[in-house]
There are 2 protein chains.
Amino acid sequence: MSDTREEILNLAEDLIRTKGYNAFSYRDISVPLNIKNAAIHYHFNSKADLGKAIINRTRQNLVKESNLWKDLSPVEQLNKFISIYEKSLLRNQICFMGALGPSYETLPEQMQTELTLASEEIRAYLRNVLQRGLDNGSFNFTETVSEKADMIIASLLSSLILTRVTKENIFLQIRNTILKGV
Amino acid sequence: MSDTREEILNLAEDLIRTKGYNAFSYRDISVPLNIKNAAIHYHFNSKADLGKAIINRTRQNLVKESNLWKDLSPVEQLNKFISIYEKSLLRNQICFMGALGPSYETLPEQMQTELTLASEEIRAYLRNVLQRGLDNGSFNFTETVSEKADMIIASLLSSLILTRVTKENIFLQIRNTILKGV
DNA sequence: TTGCATACTTACTTGCAAGTAAGTATGTTT
DNA sequence: AAACATACTTACTTGCAAGTAAGTATGCAA
């Protein structure tokens, strides 16, 4: 994969996660990278293809990272999971689900499909971590694993959005509440 | 206030909450209402003014509604609060905070200000309900009131987004989990 | 040394976006 | 009856959006 292709992906992902898919243009990519708009089209036929590639890369990242973590305890894995959101916050980004989810209805079909697949994978991963934590006694919540997983994902997603809007560190508060509740 | 002005507000709010601020145009309003784009400009100088008016109206709605509920018990008030989100879901909308928050950085300054004010008011309202519920013994959670309020708001916000993306009724699950946890 | 693939640029098209200036119809006030 | 305000429409401008067709520089391969 050429450097340019990867730099386009990196920048476009940052733009999506700071401004949203419908608020960035090829100009926002071509000017900083010092290339022409047509160069973007050379690597990605359409904006939809670019968007799809970004979601797909993120999906693959979760697979790769969760593989690196597979021998960690459920508690440590939950912390790693939460740290993904913390890294976003430090870059002034929101998570890609929070960035793309609200405009789901406006997204090209291939992006919708990819995003729905991503949501399934994220939820399945966290359910697995929570179940193993229950099994080995390191977690002891009373909700179902599915309820708990969705509650954690939902609150983390919003925490990044609300940190922006309120100008308070909602993420920190939400993380504390999550950790107290497992 | 003329009918047209109100119809523009209603339709624009629906568009924001289904597609997002950056994904709708004056055409999406003028065509269904059978008016010209310039008629929108007659009522609202700019798209920013229209956006600001929508957030402001929503703020006033919360004041009005919470006033109607002021003699209800904390439990009933929490249910009323949650039902605001349920109504959004039934209209295939997400809440305005979930729709506008992710694109906060792209919003005109007057909309940002209005949105931040709205977030403060919503959080203050829910903190008040939760505190009174703790005081009269109808709630008994261990987190701080502030933590609990932000957790509830965050999870409700995301629940509407995730219901779209996952095609499962995440809202229902989140509501159950919230009600079990107070 | 010719040919071909890669990775672009140049130059262009089409279309829609927000916004504006000037005109018009209708009703109200003086 | 004249003047004015309200609530628009008509006709236009400017600008940027995605996308495309054709050309070019570089390097490797036969």
# chains A, B, ... in the order shown; residues from 1 in each chain; ligands from 1
$ interface_residues --of "chain C" --to "chain B" --cutoff "9 Å" --atoms "only C-alpha atoms (C1' of nucleotides)" --output "list in words"
DA17, DA18, DG19 and DT20 of chain C
$ interface_residues --of "chain A" --to "chain B" --cutoff "9 Å" --atoms "only C-alpha atoms" --output "PyMOL selection string"
chain A and resi 17-20+22-23+94+97-106+112-113+115-117+119-120+143+146-148+150-162+164-167+170+173-174+176-178+180
$ residues_around --residues "Asn140 in chain A" --least-positions-apart "5" --cutoff "12 Å" --atoms "only C-alpha atoms (C1' of nucleotides)" --output "MDAnalysis selection string"
chainID A and resid 75 130:135 145 148 179:182
$ write_last_selection --atoms "N, CA, C and O atoms" --output "mmCIF file, in the first residue's frame"
data_model
loop_
_atom_site.group_PDB
_atom_site.id
_atom_site.type_symbol
_atom_site.label_atom_id
_atom_site.label_comp_id
_atom_site.auth_asym_id
_atom_site.auth_seq_id
_atom_site.Cartn_x
_atom_site.Cartn_y
_atom_site.Cartn_z
ATOM 1 N N VAL A 75 -10.691 -8.121 33.320
ATOM 2 C CA VAL A 75 -10.568 -6.761 33.854
ATOM 3 C C VAL A 75 -9.605 -5.936 32.996
ATOM 4 O O VAL A 75 -9.908 -4.800 32.605
ATOM 5 N N LEU A 130 -17.105 -9.666 29.064
ATOM 6 C CA LEU A 130 -17.939 -9.570 30.262
ATOM 7 C C LEU A 130 -18.351 -10.958 30.771
ATOM 8 O O LEU A 130 -18.355 -11.214 31.977
ATOM 9 N N GLN A 131 -18.677 -11.835 29.841
ATOM 10 C CA GLN A 131 -19.085 -13.187 30.242
ATOM 11 C C GLN A 131 -17.944 -13.903 30.953
ATOM 12 O O GLN A 131 -18.151 -14.539 31.998
ATOM 13 N N ARG A 132 -16.745 -13.775 30.421
ATOM 14 C CA ARG A 132 -15.604 -14.448 31.041
ATOM 15 C C ARG A 132 -15.281 -13.845 32.405
ATOM 16 O O ARG A 132 -14.856 -14.555 33.316
ATOM 17 N N GLY A 133 -15.526 -12.544 32.529
ATOM 18 C CA GLY A 133 -15.312 -11.900 33.828
ATOM 19 C C GLY A 133 -16.321 -12.365 34.879
ATOM 20 O O GLY A 133 -15.998 -12.506 36.051
ATOM 21 N N LEU A 134 -17.542 -12.578 34.408
ATOM 22 C CA LEU A 134 -18.569 -13.121 35.319
ATOM 23 C C LEU A 134 -18.194 -14.534 35.746
ATOM 24 O O LEU A 134 -18.252 -14.893 36.917
ATOM 25 N N ASP A 135 -17.781 -15.313 34.746
ATOM 26 C CA ASP A 135 -17.466 -16.734 34.981
ATOM 27 C C ASP A 135 -16.337 -16.917 35.986
ATOM 28 O O ASP A 135 -16.386 -17.792 36.835
ATOM 29 N N VAL A 145 -25.443 -10.026 30.379
ATOM 30 C CA VAL A 145 -24.193 -9.651 29.703
ATOM 31 C C VAL A 145 -24.482 -8.731 28.521
ATOM 32 O O VAL A 145 -23.766 -7.753 28.278
ATOM 33 N N LYS A 148 -25.406 -5.252 29.764
ATOM 34 C CA LYS A 148 -24.233 -4.556 30.291
ATOM 35 C C LYS A 148 -23.313 -4.082 29.163
ATOM 36 O O LYS A 148 -22.822 -2.948 29.182
ATOM 37 N N LEU A 179 -16.576 1.338 35.657
ATOM 38 C CA LEU A 179 -15.692 0.456 36.433
ATOM 39 C C LEU A 179 -16.292 0.112 37.798
ATOM 40 O O LEU A 179 -16.112 -0.997 38.289
ATOM 41 N N LYS A 180 -17.032 1.073 38.362
ATOM 42 C CA LYS A 180 -17.715 0.784 39.630
ATOM 43 C C LYS A 180 -18.838 -0.227 39.437
ATOM 44 O O LYS A 180 -19.205 -0.938 40.365
ATOM 45 N N GLY A 181 -19.384 -0.284 38.230
ATOM 46 C CA GLY A 181 -20.599 -1.059 37.986
ATOM 47 C C GLY A 181 -20.383 -2.471 37.458
ATOM 48 O O GLY A 181 -21.328 -3.160 37.101
ATOM 49 N N VAL A 182 -19.126 -2.894 37.355
ATOM 50 C CA VAL A 182 -18.877 -4.271 36.919
ATOM 51 C C VAL A 182 -18.307 -5.096 38.077
ATOM 52 O O VAL A 182 -18.000 -6.243 37.937
#
$ closest_residue --among "D:DC12, D:DT24, D:DA29, D:DA3" --to "DC8 in chain C" --atoms "only C-alpha atoms (C1' of nucleotides)"
D:DT24
$ decode --residues "range 2-17 of chain C" --atoms "all heavy atoms" --output "CSV table (one decimal), in the first residue's frame"
chain,number,residue,atom,x,y,z
C,2,DT,P,12.7,2.3,-29.7
C,2,DT,OP1,13.4,1.8,-30.9
C,2,DT,OP2,11.6,3.2,-29.8
C,2,DT,O5',12.2,1.0,-28.9
C,2,DT,C5',11.7,-0.2,-29.6
C,2,DT,C4',10.5,-0.8,-28.8
C,2,DT,O4',10.9,-1.1,-27.4
C,2,DT,C3',9.3,0.1,-28.7
C,2,DT,O3',8.2,-0.7,-29.1
C,2,DT,C2',9.3,0.6,-27.2
C,2,DT,C1',10.0,-0.6,-26.5
C,2,DT,N1,10.8,-0.2,-25.3
C,2,DT,C2,10.9,-1.1,-24.3
C,2,DT,O2,10.4,-2.2,-24.3
C,2,DT,N3,11.6,-0.7,-23.2
C,2,DT,C4,12.2,0.5,-23.0
C,2,DT,O4,12.8,0.8,-22.0
C,2,DT,C5,12.0,1.4,-24.1
C,2,DT,C7,12.6,2.8,-24.0
C,2,DT,C6,11.3,1.1,-25.1
C,3,DG,P,6.7,-0.2,-28.9
C,3,DG,OP1,5.9,-0.9,-30.0
C,3,DG,OP2,6.7,1.3,-28.8
C,3,DG,O5',6.3,-0.8,-27.5
C,3,DG,C5',6.5,-2.2,-27.3
C,3,DG,C4',6.0,-2.6,-25.9
C,3,DG,O4',6.9,-2.1,-24.9
C,3,DG,C3',4.6,-2.0,-25.6
C,3,DG,O3',3.8,-3.0,-25.0
C,3,DG,C2',4.9,-0.8,-24.6
C,3,DG,C1',6.2,-1.4,-23.9
C,3,DG,N9,7.1,-0.4,-23.3
C,3,DG,C8,7.5,0.8,-23.9
C,3,DG,N7,8.3,1.5,-23.2
C,3,DG,C5,8.5,0.7,-22.0
C,3,DG,C6,9.3,1.0,-20.9
C,3,DG,O6,10.0,1.9,-20.6
C,3,DG,N1,9.1,-0.1,-19.9
C,3,DG,C2,8.4,-1.2,-20.1
C,3,DG,N2,8.3,-2.1,-19.1
C,3,DG,N3,7.6,-1.4,-21.2
C,3,DG,C4,7.7,-0.4,-22.1
C,4,DC,P,2.3,-2.8,-24.7
C,4,DC,OP1,1.6,-4.0,-25.3
C,4,DC,OP2,1.9,-1.4,-25.2
C,4,DC,O5',2.2,-2.8,-23.2
C,4,DC,C5',2.9,-3.7,-22.4
C,4,DC,C4',3.0,-3.3,-21.0
C,4,DC,O4',4.0,-2.3,-20.8
C,4,DC,C3',1.7,-2.6,-20.5
C,4,DC,O3',1.3,-3.2,-19.2
C,4,DC,C2',2.1,-1.2,-20.3
C,4,DC,C1',3.5,-1.3,-19.9
C,4,DC,N1,4.3,-0.1,-20.2
C,4,DC,C2,5.3,0.3,-19.2
C,4,DC,O2,5.5,-0.4,-18.2
C,4,DC,N3,6.0,1.5,-19.4
C,4,DC,C4,5.8,2.2,-20.5
C,4,DC,N4,6.5,3.3,-20.7
C,4,DC,C5,4.8,1.8,-21.5
C,4,DC,C6,4.1,0.7,-21.3
C,5,DA,P,-0.2,-3.0,-18.7
C,5,DA,OP1,-0.8,-4.4,-18.8
C,5,DA,OP2,-0.8,-1.9,-19.3
C,5,DA,O5',0.0,-2.8,-17.2
C,5,DA,C5',1.0,-3.5,-16.4
C,5,DA,C4',1.5,-2.7,-15.2
C,5,DA,O4',2.4,-1.7,-15.7
C,5,DA,C3',0.4,-2.0,-14.4
C,5,DA,O3',0.6,-2.3,-13.1
C,5,DA,C2',0.5,-0.6,-14.8
C,5,DA,C1',2.0,-0.5,-15.1
C,5,DA,N9,2.4,0.6,-16.0
C,5,DA,C8,1.8,0.8,-17.3
C,5,DA,N7,2.3,1.9,-17.9
C,5,DA,C5,3.3,2.3,-17.0
C,5,DA,C6,4.2,3.4,-17.1
C,5,DA,N6,4.2,4.2,-18.2
C,5,DA,N1,5.0,3.6,-16.1
C,5,DA,C2,4.9,2.8,-15.1
C,5,DA,N3,4.2,1.7,-14.9
C,5,DA,C4,3.3,1.6,-15.9
C,6,DT,P,-0.4,-1.8,-12.0
C,6,DT,OP1,-0.5,-2.7,-10.9
C,6,DT,OP2,-1.6,-1.3,-12.6
C,6,DT,O5',0.4,-0.5,-11.5
C,6,DT,C5',1.7,-0.7,-11.0
C,6,DT,C4',2.2,0.7,-10.5
C,6,DT,O4',2.5,1.5,-11.6
C,6,DT,C3',1.3,1.4,-9.6
C,6,DT,O3',2.0,1.9,-8.4
C,6,DT,C2',0.8,2.6,-10.4
C,6,DT,C1',2.0,2.8,-11.3
C,6,DT,N1,1.8,3.5,-12.6
C,6,DT,C2,2.6,4.5,-13.0
C,6,DT,O2,3.5,4.9,-12.4
C,6,DT,N3,2.3,5.0,-14.3
C,6,DT,C4,1.3,4.6,-15.2
C,6,DT,O4,1.2,5.2,-16.2
C,6,DT,C5,0.5,3.5,-14.7
C,6,DT,C7,-0.6,3.0,-15.5
C,6,DT,C6,0.8,3.0,-13.5
C,7,DA,P,1.2,2.5,-7.2
C,7,DA,OP1,2.0,2.2,-6.0
C,7,DA,OP2,-0.2,2.1,-7.2
C,7,DA,O5',1.3,4.0,-7.5
C,7,DA,C5',2.5,4.7,-7.5
C,7,DA,C4',2.4,6.1,-7.9
C,7,DA,O4',2.0,6.1,-9.3
C,7,DA,C3',1.2,6.8,-7.2
C,7,DA,O3',1.6,8.1,-6.8
C,7,DA,C2',0.1,6.9,-8.3
C,7,DA,C1',1.0,7.1,-9.5
C,7,DA,N9,0.4,6.9,-10.8
C,7,DA,C8,-0.7,6.0,-11.1
C,7,DA,N7,-1.1,6.1,-12.4
C,7,DA,C5,-0.3,7.1,-12.9
C,7,DA,C6,-0.2,7.6,-14.2
C,7,DA,N6,-1.0,7.3,-15.2
C,7,DA,N1,0.7,8.6,-14.4
C,7,DA,C2,1.5,9.0,-13.4
C,7,DA,N3,1.5,8.6,-12.2
C,7,DA,C4,0.6,7.6,-12.0
C,8,DC,P,0.8,8.9,-5.7
C,8,DC,OP1,1.7,10.1,-5.3
C,8,DC,OP2,0.4,7.9,-4.6
C,8,DC,O5',-0.5,9.4,-6.4
C,8,DC,C5',-0.7,10.8,-6.7
C,8,DC,C4',0.0,11.2,-8.0
C,8,DC,O4',-0.2,10.2,-9.0
C,8,DC,C3',-0.5,12.5,-8.6
C,8,DC,O3',0.1,13.6,-8.0
C,8,DC,C2',-0.1,12.3,-10.1
C,8,DC,C1',-0.1,10.8,-10.3
C,8,DC,N1,-1.2,10.3,-11.2
C,8,DC,C2,-1.3,10.7,-12.5
C,8,DC,O2,-0.4,11.5,-12.9
C,8,DC,N3,-2.3,10.2,-13.3
C,8,DC,C4,-3.1,9.3,-12.8
C,8,DC,N4,-4.1,8.9,-13.6
C,8,DC,C5,-3.1,8.9,-11.4
C,8,DC,C6,-2.1,9.4,-10.7
C,9,DT,P,-0.7,14.9,-7.9
C,9,DT,OP1,0.1,15.8,-7.0
C,9,DT,OP2,-2.1,14.6,-7.6
C,9,DT,O5',-0.6,15.5,-9.3
C,9,DT,C5',0.6,15.9,-9.9
C,9,DT,C4',0.4,16.5,-11.3
C,9,DT,O4',-0.3,15.6,-12.1
C,9,DT,C3',-0.5,17.8,-11.3
C,9,DT,O3',0.1,18.7,-12.1
C,9,DT,C2',-1.8,17.3,-11.8
C,9,DT,C1',-1.5,16.1,-12.7
C,9,DT,N1,-2.5,15.1,-12.8
C,9,DT,C2,-3.1,14.8,-14.0
C,9,DT,O2,-2.9,15.4,-15.0
C,9,DT,N3,-4.0,13.8,-13.9
C,9,DT,C4,-4.4,13.0,-12.8
C,9,DT,O4,-5.3,12.1,-12.9
C,9,DT,C5,-3.8,13.4,-11.6
C,9,DT,C7,-4.1,12.6,-10.3
C,9,DT,C6,-2.9,14.4,-11.6
C,10,DT,P,-0.4,20.2,-12.1
C,10,DT,OP1,0.7,21.1,-12.2
C,10,DT,OP2,-1.4,20.4,-11.0
C,10,DT,O5',-1.3,20.4,-13.5
C,10,DT,C5',-0.8,19.7,-14.6
C,10,DT,C4',-1.8,19.9,-15.7
C,10,DT,O4',-2.8,18.8,-15.7
C,10,DT,C3',-2.7,21.1,-15.7
C,10,DT,O3',-2.8,21.7,-17.0
C,10,DT,C2',-4.1,20.6,-15.2
C,10,DT,C1',-4.1,19.2,-15.7
C,10,DT,N1,-4.9,18.2,-15.0
C,10,DT,C2,-5.7,17.3,-15.7
C,10,DT,O2,-5.8,17.3,-16.9
C,10,DT,N3,-6.4,16.4,-14.9
C,10,DT,C4,-6.3,16.3,-13.5
C,10,DT,O4,-7.0,15.5,-12.9
C,10,DT,C5,-5.5,17.3,-12.8
C,10,DT,C7,-5.4,17.3,-11.3
C,10,DT,C6,-4.8,18.2,-13.6
C,11,DA,P,-3.5,23.1,-17.3
C,11,DA,OP1,-2.8,23.8,-18.4
C,11,DA,OP2,-3.6,23.9,-16.0
C,11,DA,O5',-4.9,22.7,-17.8
C,11,DA,C5',-5.1,21.6,-18.7
C,11,DA,C4',-6.6,21.3,-18.8
C,11,DA,O4',-7.0,20.3,-17.8
C,11,DA,C3',-7.5,22.5,-18.6
C,11,DA,O3',-8.5,22.5,-19.6
C,11,DA,C2',-8.1,22.3,-17.2
C,11,DA,C1',-8.2,20.8,-17.2
C,11,DA,N9,-8.3,20.2,-15.9
C,11,DA,C8,-7.8,20.6,-14.7
C,11,DA,N7,-8.0,19.9,-13.7
C,11,DA,C5,-8.8,18.9,-14.2
C,11,DA,C6,-9.5,17.7,-13.6
C,11,DA,N6,-9.4,17.4,-12.3
C,11,DA,N1,-10.2,16.9,-14.4
C,11,DA,C2,-10.3,17.2,-15.8
C,11,DA,N3,-9.7,18.3,-16.4
C,11,DA,C4,-9.0,19.0,-15.6
C,12,DC,P,-9.5,23.8,-19.8
C,12,DC,OP1,-9.4,24.2,-21.2
C,12,DC,OP2,-9.2,24.8,-18.7
C,12,DC,O5',-10.9,23.2,-19.5
C,12,DC,C5',-11.2,22.0,-20.2
C,12,DC,C4',-12.2,21.1,-19.3
C,12,DC,O4',-11.6,20.7,-18.1
C,12,DC,C3',-13.5,21.8,-18.9
C,12,DC,O3',-14.4,21.7,-20.0
C,12,DC,C2',-13.9,20.9,-17.7
C,12,DC,C1',-12.6,20.2,-17.3
C,12,DC,N1,-12.3,20.3,-15.9
C,12,DC,C2,-12.8,19.2,-15.1
C,12,DC,O2,-13.4,18.3,-15.6
C,12,DC,N3,-12.6,19.3,-13.7
C,12,DC,C4,-11.9,20.3,-13.2
C,12,DC,N4,-11.7,20.3,-11.9
C,12,DC,C5,-11.4,21.4,-14.0
C,12,DC,C6,-11.7,21.3,-15.3
C,13,DT,P,-15.9,22.3,-19.9
C,13,DT,OP1,-16.4,22.5,-21.2
C,13,DT,OP2,-15.8,23.5,-18.9
C,13,DT,O5',-16.7,21.2,-19.1
C,13,DT,C5',-16.6,19.8,-19.6
C,13,DT,C4',-17.5,19.0,-18.8
C,13,DT,O4',-17.0,18.8,-17.4
C,13,DT,C3',-18.9,19.7,-18.6
C,13,DT,O3',-19.9,18.7,-18.9
C,13,DT,C2',-18.9,20.1,-17.1
C,13,DT,C1',-17.9,19.1,-16.4
C,13,DT,N1,-17.2,19.6,-15.3
C,13,DT,C2,-17.3,19.0,-14.1
C,13,DT,O2,-17.9,17.9,-13.9
C,13,DT,N3,-16.5,19.5,-13.1
C,13,DT,C4,-15.8,20.7,-13.1
C,13,DT,O4,-15.2,21.1,-12.1
C,13,DT,C5,-15.8,21.4,-14.4
C,13,DT,C7,-15.0,22.6,-14.6
C,13,DT,C6,-16.5,20.8,-15.4
C,14,DT,P,-21.4,19.3,-19.1
C,14,DT,OP1,-22.0,18.5,-20.2
C,14,DT,OP2,-21.4,20.8,-19.2
C,14,DT,O5',-22.1,18.9,-17.7
C,14,DT,C5',-21.9,17.6,-17.2
C,14,DT,C4',-22.4,17.6,-15.8
C,14,DT,O4',-21.5,18.2,-14.9
C,14,DT,C3',-23.7,18.4,-15.6
C,14,DT,O3',-24.7,17.5,-15.0
C,14,DT,C2',-23.3,19.6,-14.7
C,14,DT,C1',-22.1,19.0,-14.0
C,14,DT,N1,-21.1,20.0,-13.5
C,14,DT,C2,-20.6,19.8,-12.3
C,14,DT,O2,-20.9,18.9,-11.5
C,14,DT,N3,-19.6,20.8,-11.9
C,14,DT,C4,-19.2,21.9,-12.6
C,14,DT,O4,-18.4,22.6,-12.2
C,14,DT,C5,-19.9,22.0,-13.9
C,14,DT,C7,-19.5,23.1,-14.8
C,14,DT,C6,-20.8,21.1,-14.3
C,15,DG,P,-26.2,18.0,-14.8
C,15,DG,OP1,-27.1,16.8,-15.0
C,15,DG,OP2,-26.4,19.3,-15.5
C,15,DG,O5',-26.1,18.3,-13.3
C,15,DG,C5',-25.6,17.3,-12.4
C,15,DG,C4',-25.5,18.0,-11.0
C,15,DG,O4',-24.4,18.9,-10.9
C,15,DG,C3',-26.8,18.9,-10.7
C,15,DG,O3',-27.2,18.6,-9.4
C,15,DG,C2',-26.2,20.3,-10.8
C,15,DG,C1',-24.8,20.1,-10.3
C,15,DG,N9,-23.9,21.2,-10.6
C,15,DG,C8,-23.8,21.8,-11.8
C,15,DG,N7,-22.8,22.8,-11.8
C,15,DG,C5,-22.3,22.7,-10.5
C,15,DG,C6,-21.3,23.5,-9.9
C,15,DG,O6,-20.6,24.4,-10.4
C,15,DG,N1,-21.0,23.1,-8.6
C,15,DG,C2,-21.7,22.1,-8.0
C,15,DG,N2,-21.4,21.8,-6.7
C,15,DG,N3,-22.7,21.3,-8.5
C,15,DG,C4,-22.9,21.7,-9.8
C,16,DC,P,-28.8,18.9,-9.1
C,16,DC,OP1,-29.5,17.6,-9.3
C,16,DC,OP2,-29.2,20.1,-9.8
C,16,DC,O5',-28.7,19.2,-7.5
C,16,DC,C5',-27.7,18.6,-6.7
C,16,DC,C4',-27.0,19.6,-5.9
C,16,DC,O4',-26.2,20.5,-6.7
C,16,DC,C3',-28.0,20.5,-5.2
C,16,DC,O3',-27.8,20.5,-3.8
C,16,DC,C2',-27.7,21.9,-5.8
C,16,DC,C1',-26.3,21.8,-6.2
C,16,DC,N1,-25.8,22.8,-7.2
C,16,DC,C2,-24.7,23.6,-6.9
C,16,DC,O2,-24.2,23.5,-5.8
C,16,DC,N3,-24.3,24.5,-7.8
C,16,DC,C4,-24.9,24.6,-9.0
C,16,DC,N4,-24.5,25.5,-9.9
C,16,DC,C5,-26.0,23.7,-9.3
C,16,DC,C6,-26.4,22.8,-8.4
C,17,DA,P,-28.9,21.0,-2.8
C,17,DA,OP1,-29.4,19.8,-2.2
C,17,DA,OP2,-29.9,21.9,-3.6
C,17,DA,O5',-28.2,21.9,-1.8
C,17,DA,C5',-26.9,21.5,-1.4
C,17,DA,C4',-26.1,22.8,-1.0
C,17,DA,O4',-25.5,23.3,-2.2
C,17,DA,C3',-27.0,23.9,-0.5
C,17,DA,O3',-27.2,23.8,0.9
C,17,DA,C2',-26.2,25.2,-0.9
C,17,DA,C1',-25.4,24.7,-2.1
C,17,DA,N9,-25.8,25.3,-3.4
C,17,DA,C8,-26.8,24.8,-4.2
C,17,DA,N7,-27.0,25.5,-5.3
C,17,DA,C5,-26.0,26.5,-5.2
C,17,DA,C6,-25.7,27.5,-6.1
C,17,DA,N6,-26.3,27.7,-7.2
C,17,DA,N1,-24.7,28.3,-5.7
C,17,DA,C2,-24.1,28.1,-4.5
C,17,DA,N3,-24.3,27.2,-3.6
C,17,DA,C4,-25.3,26.3,-4.0
